Amino acid sequence: MGTAGADAGGAAGERRRLMNVAYRLLGSLAESEDAVQEAYARWYALPRNRRDEIVSPGAWLTTVTGRICLDVLGSARARRERYVGAWLPDPLPDRAEWDTGRGTGPGALADPADQLVLDESVTMAFLVVLESMTPAERVAFVLHDVFRYPFAEIAGILGRTPAACKQLAASARRRVRGARAPATAAGQADAVRQVKEAWQTRNIAALVGLLDPAAVMTADGGGLAGTVLRPVEGGARIARYMVAIADRAPGLELLERSVNGVPGLVARRAGAVVTVASFEVAEGRVTRIWVVRNPEKLRPWGQDGAGGEAGGVSAAPL
């Protein structure tokens with residue numbers, strides 16, 4: 001990217017914030033990194049005198065990143081229609097779980113996940129709700145409600161009036177309010193722990209008791225790892241499925257880990273992460289399970305994370 005004028009203009013220090021904006025807009029680490037890289041490329045393509053005239057490089061970069069993300073969101077639906085099975089946002093590990101083995105020298109690039117702040121706006125449940133929004137709703141809501149950008153600035157990104165952007169954010173807000181109230185951290189951790197224990201003991205009755213009767217499990221293998229291609233609906237069906245595959249997945253280590261900032265489960269085989277599971281818990285019962293097995297989405301979970309098996313369902317621990 002170069003460094004001339006960047007520190008003086010404040011541009012170089014904006015990368016973390018831009019990654020946080022882009023991930024919440026796109027739900028993909030790779031796409032977020034590409035969007036931020038493109039925004040910086042456009043910044044450094046400006047003549048030096050033009051850059052010096054920009055009062056707030058951070059605002060300029062955020063605007064450009066927002067526009068790039070808007071374009072990506074506009075094409076995402078068509079791309080995801082070609083995706084094998086369900087598409088889920090990339091799961092994020094806790095800082096202690098991030099892969100730090102990719103190089104530490106002066107020229108090493110930081111893992112994109114290392115730039116992200118884990119809070120309620122990156123939980124899998126929240127990101128899935130964001131996926132239900134139109135691109136314009138998502139941009140207006142994330143920038144205003146999460147990052148507190150004024151509608152006047154958002155209008156410049158969306159090419160609409162501030163009043164129209166305010167309406168978009170209000171529509172998106174109604175979708176978020178329609179989601180179930182999340183469990184407390186302690187309640188979530190307790191439910192996840194019980195699911196882990198019931199799965200390990202192949203206890204169908206216990207699993208049925210832990211799952212809401214209307215629970216839904218969605219899995220993302222991306223065609224690169226075996227898993228169900230359609231959501232499994234109903235607590236009893238999910239319980240039977242989980243127990244059925246338990247016997248076909250020998251040698252797995254199931255661990256309680258933070259996933260996108262809340263308690264979840266991680267399955268490892270021979271030290272490599274092969275599955276990451278997120279949960280939504282309401283009133284003491286699991287209502288949603290999101291299972292990510294696509295190895296491309298598991299890379300931040302360890303340098304061996306992409307080495308999991310890509311065979312049939314027998315390799316799937318959830």
# chains A, B, ... in the order shown; residues from 1 in each chain; ligands from 1

call {"tool": "select_by_dssp", "arguments": {"residues": "segment 40-263 of chain A", "states": "alpha helix (DSSP H)", "output": "ChimeraX atom specification"}}
result
/A:40-45,48-53,57-81,124-131,135-141,151-158,162-177,185-200,204-210,235-246

call {"tool": "select_by_dssp", "arguments": {"residues": "segment 139-237 of chain A", "states": "strand (DSSP E)", "output": "PyMOL selection string"}}
result
chain A and resi 211-220+232-233

call {"tool": "closest_residue", "arguments": {"among": "A:Ser56, A:Ser75, A:Ser28, A:Thr123", "to": "Asp90 of chain A", "atoms": "only C-alpha atoms"}}
result
A:Ser28

call {"tool": "closest_residue", "arguments": {"among": "A:Asp220, A:Glu120, A:Glu233, A:Asp52", "to": "Val274 of chain A", "atoms": "only C-alpha atoms"}}
result
A:Asp220

call {"tool": "residues_around", "arguments": {"residues": "Arg174 of chain A", "least_positions_apart": "4", "cutoff": "12 Å", "atoms": "only C-alpha atoms", "output": "mmCIF file with C-alpha atoms, in the first residue's frame"}}
result
data_model
loop_
_atom_site.group_PDB
_atom_site.id
_atom_site.type_symbol
_atom_site.label_atom_id
_atom_site.label_comp_id
_atom_site.auth_asym_id
_atom_site.auth_seq_id
_atom_site.Cartn_x
_atom_site.Cartn_y
_atom_site.Cartn_z
ATOM 1 C CA VAL A 129 -30.803 -11.808 10.743
ATOM 2 C CA LEU A 130 -28.638 -9.358 8.789
ATOM 3 C CA SER A 132 -32.397 -11.521 5.672
ATOM 4 C CA MET A 133 -32.137 -7.798 4.933
ATOM 5 C CA GLU A 137 -31.192 -2.064 4.707
ATOM 6 C CA PHE A 141 -28.676 -0.412 9.809
ATOM 7 C CA GLN A 167 -36.556 4.445 6.786
ATOM 8 C CA LEU A 168 -34.261 1.651 5.633
ATOM 9 C CA ALA A 169 -32.662 1.433 9.077
ATOM 10 C CA ALA A 170 -36.096 1.418 10.730
ATOM 11 C CA GLY A 178 -38.542 -9.810 15.645
ATOM 12 C CA ALA A 179 -35.726 -12.180 16.572
#

call {"tool": "residues_around", "arguments": {"residues": "Val291 of chain A", "least_positions_apart": "3", "cutoff": "12 Å", "atoms": "only C-alpha atoms", "output": "PyMOL selection string"}}
result
chain A and resi 85-91+124+216-222+225-232+242+259+264-267+274-280+288+294-295+297-298+316-318

call {"tool": "write_last_selection", "arguments": {"atoms": "N, CA and C atoms", "output": "tab-separated table (two decimals), in the first residue's frame"}}
result
chain	number	residue	atom	x	y	z
A	85	GLY	N	-25.48	-26.24	-0.98
A	85	GLY	CA	-26.09	-26.26	0.34
A	85	GLY	C	-26.31	-24.86	0.89
A	86	ALA	N	-26.53	-24.78	2.19
A	86	ALA	CA	-26.79	-23.49	2.85
A	86	ALA	C	-25.50	-22.70	3.01
A	87	TRP	N	-25.62	-21.37	2.91
A	87	TRP	CA	-24.48	-20.48	3.14
A	87	TRP	C	-24.64	-19.84	4.52
A	88	LEU	N	-23.58	-19.91	5.33
A	88	LEU	CA	-23.59	-19.28	6.65
A	88	LEU	C	-22.41	-18.32	6.76
A	89	PRO	N	-22.53	-17.28	7.59
A	89	PRO	CA	-21.39	-16.38	7.81
A	89	PRO	C	-20.20	-17.14	8.39
A	90	ASP	N	-19.02	-16.58	8.19
A	90	ASP	CA	-17.80	-17.19	8.73
A	90	ASP	C	-17.83	-17.16	10.26
A	91	PRO	N	-17.58	-18.27	10.92
A	91	PRO	CA	-17.53	-18.27	12.39
A	91	PRO	C	-16.21	-17.67	12.88
A	124	MET	N	-23.64	-15.23	15.64
A	124	MET	CA	-24.18	-15.88	14.45
A	124	MET	C	-25.67	-15.57	14.30
A	216	VAL	N	-34.28	-25.62	14.58
A	216	VAL	CA	-33.80	-25.81	13.21
A	216	VAL	C	-32.27	-25.88	13.23
A	217	MET	N	-31.71	-26.85	12.53
A	217	MET	CA	-30.26	-26.95	12.40
A	217	MET	C	-29.89	-26.72	10.93
A	218	THR	N	-29.00	-25.77	10.69
A	218	THR	CA	-28.54	-25.45	9.34
A	218	THR	C	-27.04	-25.70	9.27
A	219	ALA	N	-26.60	-26.37	8.22
A	219	ALA	CA	-25.18	-26.71	8.09
A	219	ALA	C	-24.61	-26.16	6.79
A	220	ASP	N	-23.35	-25.75	6.84
A	220	ASP	CA	-22.64	-25.17	5.71
A	220	ASP	C	-21.37	-25.97	5.47
A	221	GLY	N	-21.39	-26.78	4.39
A	221	GLY	CA	-20.20	-27.52	4.00
A	221	GLY	C	-19.58	-26.97	2.74
A	222	GLY	N	-20.34	-26.16	2.02
A	222	GLY	CA	-19.85	-25.53	0.81
A	222	GLY	C	-19.45	-26.49	-0.29
A	225	ALA	N	-17.10	-30.28	2.34
A	225	ALA	CA	-17.16	-31.18	3.49
A	225	ALA	C	-18.57	-31.74	3.57
A	226	GLY	N	-18.67	-33.02	3.88
A	226	GLY	CA	-19.97	-33.67	3.92
A	226	GLY	C	-20.84	-33.16	5.04
A	227	THR	N	-22.10	-32.86	4.72
A	227	THR	CA	-23.08	-32.46	5.72
A	227	THR	C	-24.45	-32.42	5.04
A	228	VAL	N	-25.50	-32.22	5.82
A	228	VAL	CA	-26.83	-32.13	5.24
A	228	VAL	C	-26.93	-30.86	4.40
A	229	LEU	N	-27.58	-30.95	3.25
A	229	LEU	CA	-27.67	-29.81	2.35
A	229	LEU	C	-28.87	-28.92	2.65
A	230	ARG	N	-29.84	-29.47	3.38
A	230	ARG	CA	-31.02	-28.69	3.74
A	230	ARG	C	-31.16	-28.64	5.26
A	231	PRO	N	-31.80	-27.59	5.79
A	231	PRO	CA	-31.98	-27.51	7.24
A	231	PRO	C	-32.75	-28.71	7.78
A	232	VAL	N	-32.35	-29.15	8.96
A	232	VAL	CA	-33.06	-30.21	9.67
A	232	VAL	C	-34.01	-29.52	10.65
A	242	MET	N	-28.22	-36.16	15.17
A	242	MET	CA	-26.97	-35.99	15.91
A	242	MET	C	-26.47	-37.30	16.48
A	259	VAL	N	-17.68	-18.91	20.11
A	259	VAL	CA	-17.90	-18.78	18.67
A	259	VAL	C	-18.62	-17.45	18.45
A	264	GLY	N	-20.09	-21.88	22.21
A	264	GLY	CA	-20.42	-22.79	21.13
A	264	GLY	C	-19.59	-24.04	21.25
A	265	LEU	N	-19.59	-24.86	20.22
A	265	LEU	CA	-18.84	-26.11	20.23
A	265	LEU	C	-17.93	-26.20	19.02
A	266	VAL	N	-16.77	-26.81	19.22
A	266	VAL	CA	-15.80	-27.02	18.15
A	266	VAL	C	-15.41	-28.49	18.16
A	267	ALA	N	-15.41	-29.12	16.99
A	267	ALA	CA	-14.98	-30.52	16.87
A	267	ALA	C	-13.63	-30.55	16.19
A	274	VAL	N	-12.57	-29.32	12.42
A	274	VAL	CA	-13.35	-29.76	11.26
A	274	VAL	C	-14.79	-29.26	11.31
A	275	THR	N	-15.24	-28.80	12.48
A	275	THR	CA	-16.61	-28.30	12.60
A	275	THR	C	-16.67	-27.23	13.68
A	276	VAL	N	-17.43	-26.18	13.42
A	276	VAL	CA	-17.73	-25.16	14.42
A	276	VAL	C	-19.24	-25.00	14.48
A	277	ALA	N	-19.81	-25.11	15.68
A	277	ALA	CA	-21.25	-25.04	15.85
A	277	ALA	C	-21.63	-23.85	16.73
A	278	SER	N	-22.59	-23.07	16.26
A	278	SER	CA	-23.14	-21.94	17.01
A	278	SER	C	-24.56	-22.27	17.42
A	279	PHE	N	-25.01	-21.68	18.51
A	279	PHE	CA	-26.32	-21.99	19.04
A	279	PHE	C	-27.10	-20.72	19.38
A	280	GLU	N	-28.41	-20.82	19.22
A	280	GLU	CA	-29.32	-19.81	19.76
A	280	GLU	C	-30.14	-20.49	20.84
A	288	ARG	N	-31.93	-22.75	17.62
A	288	ARG	CA	-31.24	-22.81	16.33
A	288	ARG	C	-29.82	-23.33	16.53
A	294	ASN	N	-17.36	-26.00	6.13
A	294	ASN	CA	-16.57	-25.58	4.98
A	294	ASN	C	-15.15	-25.24	5.45
A	295	PRO	N	-14.14	-26.00	5.03
A	295	PRO	CA	-12.79	-25.76	5.55
A	295	PRO	C	-12.25	-24.37	5.22
A	297	LYS	N	-13.81	-21.70	5.56
A	297	LYS	CA	-14.32	-20.79	6.57
A	297	LYS	C	-13.74	-21.09	7.96
A	298	LEU	N	-12.97	-22.16	8.06
A	298	LEU	CA	-12.42	-22.56	9.36
A	298	LEU	C	-10.94	-22.21	9.50
A	316	ALA	N	-18.81	-35.85	9.72
A	316	ALA	CA	-19.46	-34.68	10.29
A	316	ALA	C	-19.89	-34.91	11.72
A	317	PRO	N	-19.34	-34.17	12.69
A	317	PRO	CA	-19.70	-34.37	14.08
A	317	PRO	C	-20.88	-33.54	14.55
A	318	LEU	N	-21.62	-32.90	13.68
A	318	LEU	CA	-22.86	-32.23	14.09
A	318	LEU	C	-23.69	-31.98	12.85

call {"tool": "residues_around", "arguments": {"residues": "Arg77 of chain A", "least_positions_apart": "6", "cutoff": "10 Å", "atoms": "only C-alpha atoms", "output": "JSON, numbers by chain"}}
result
{"A": [83, 131, 135]}
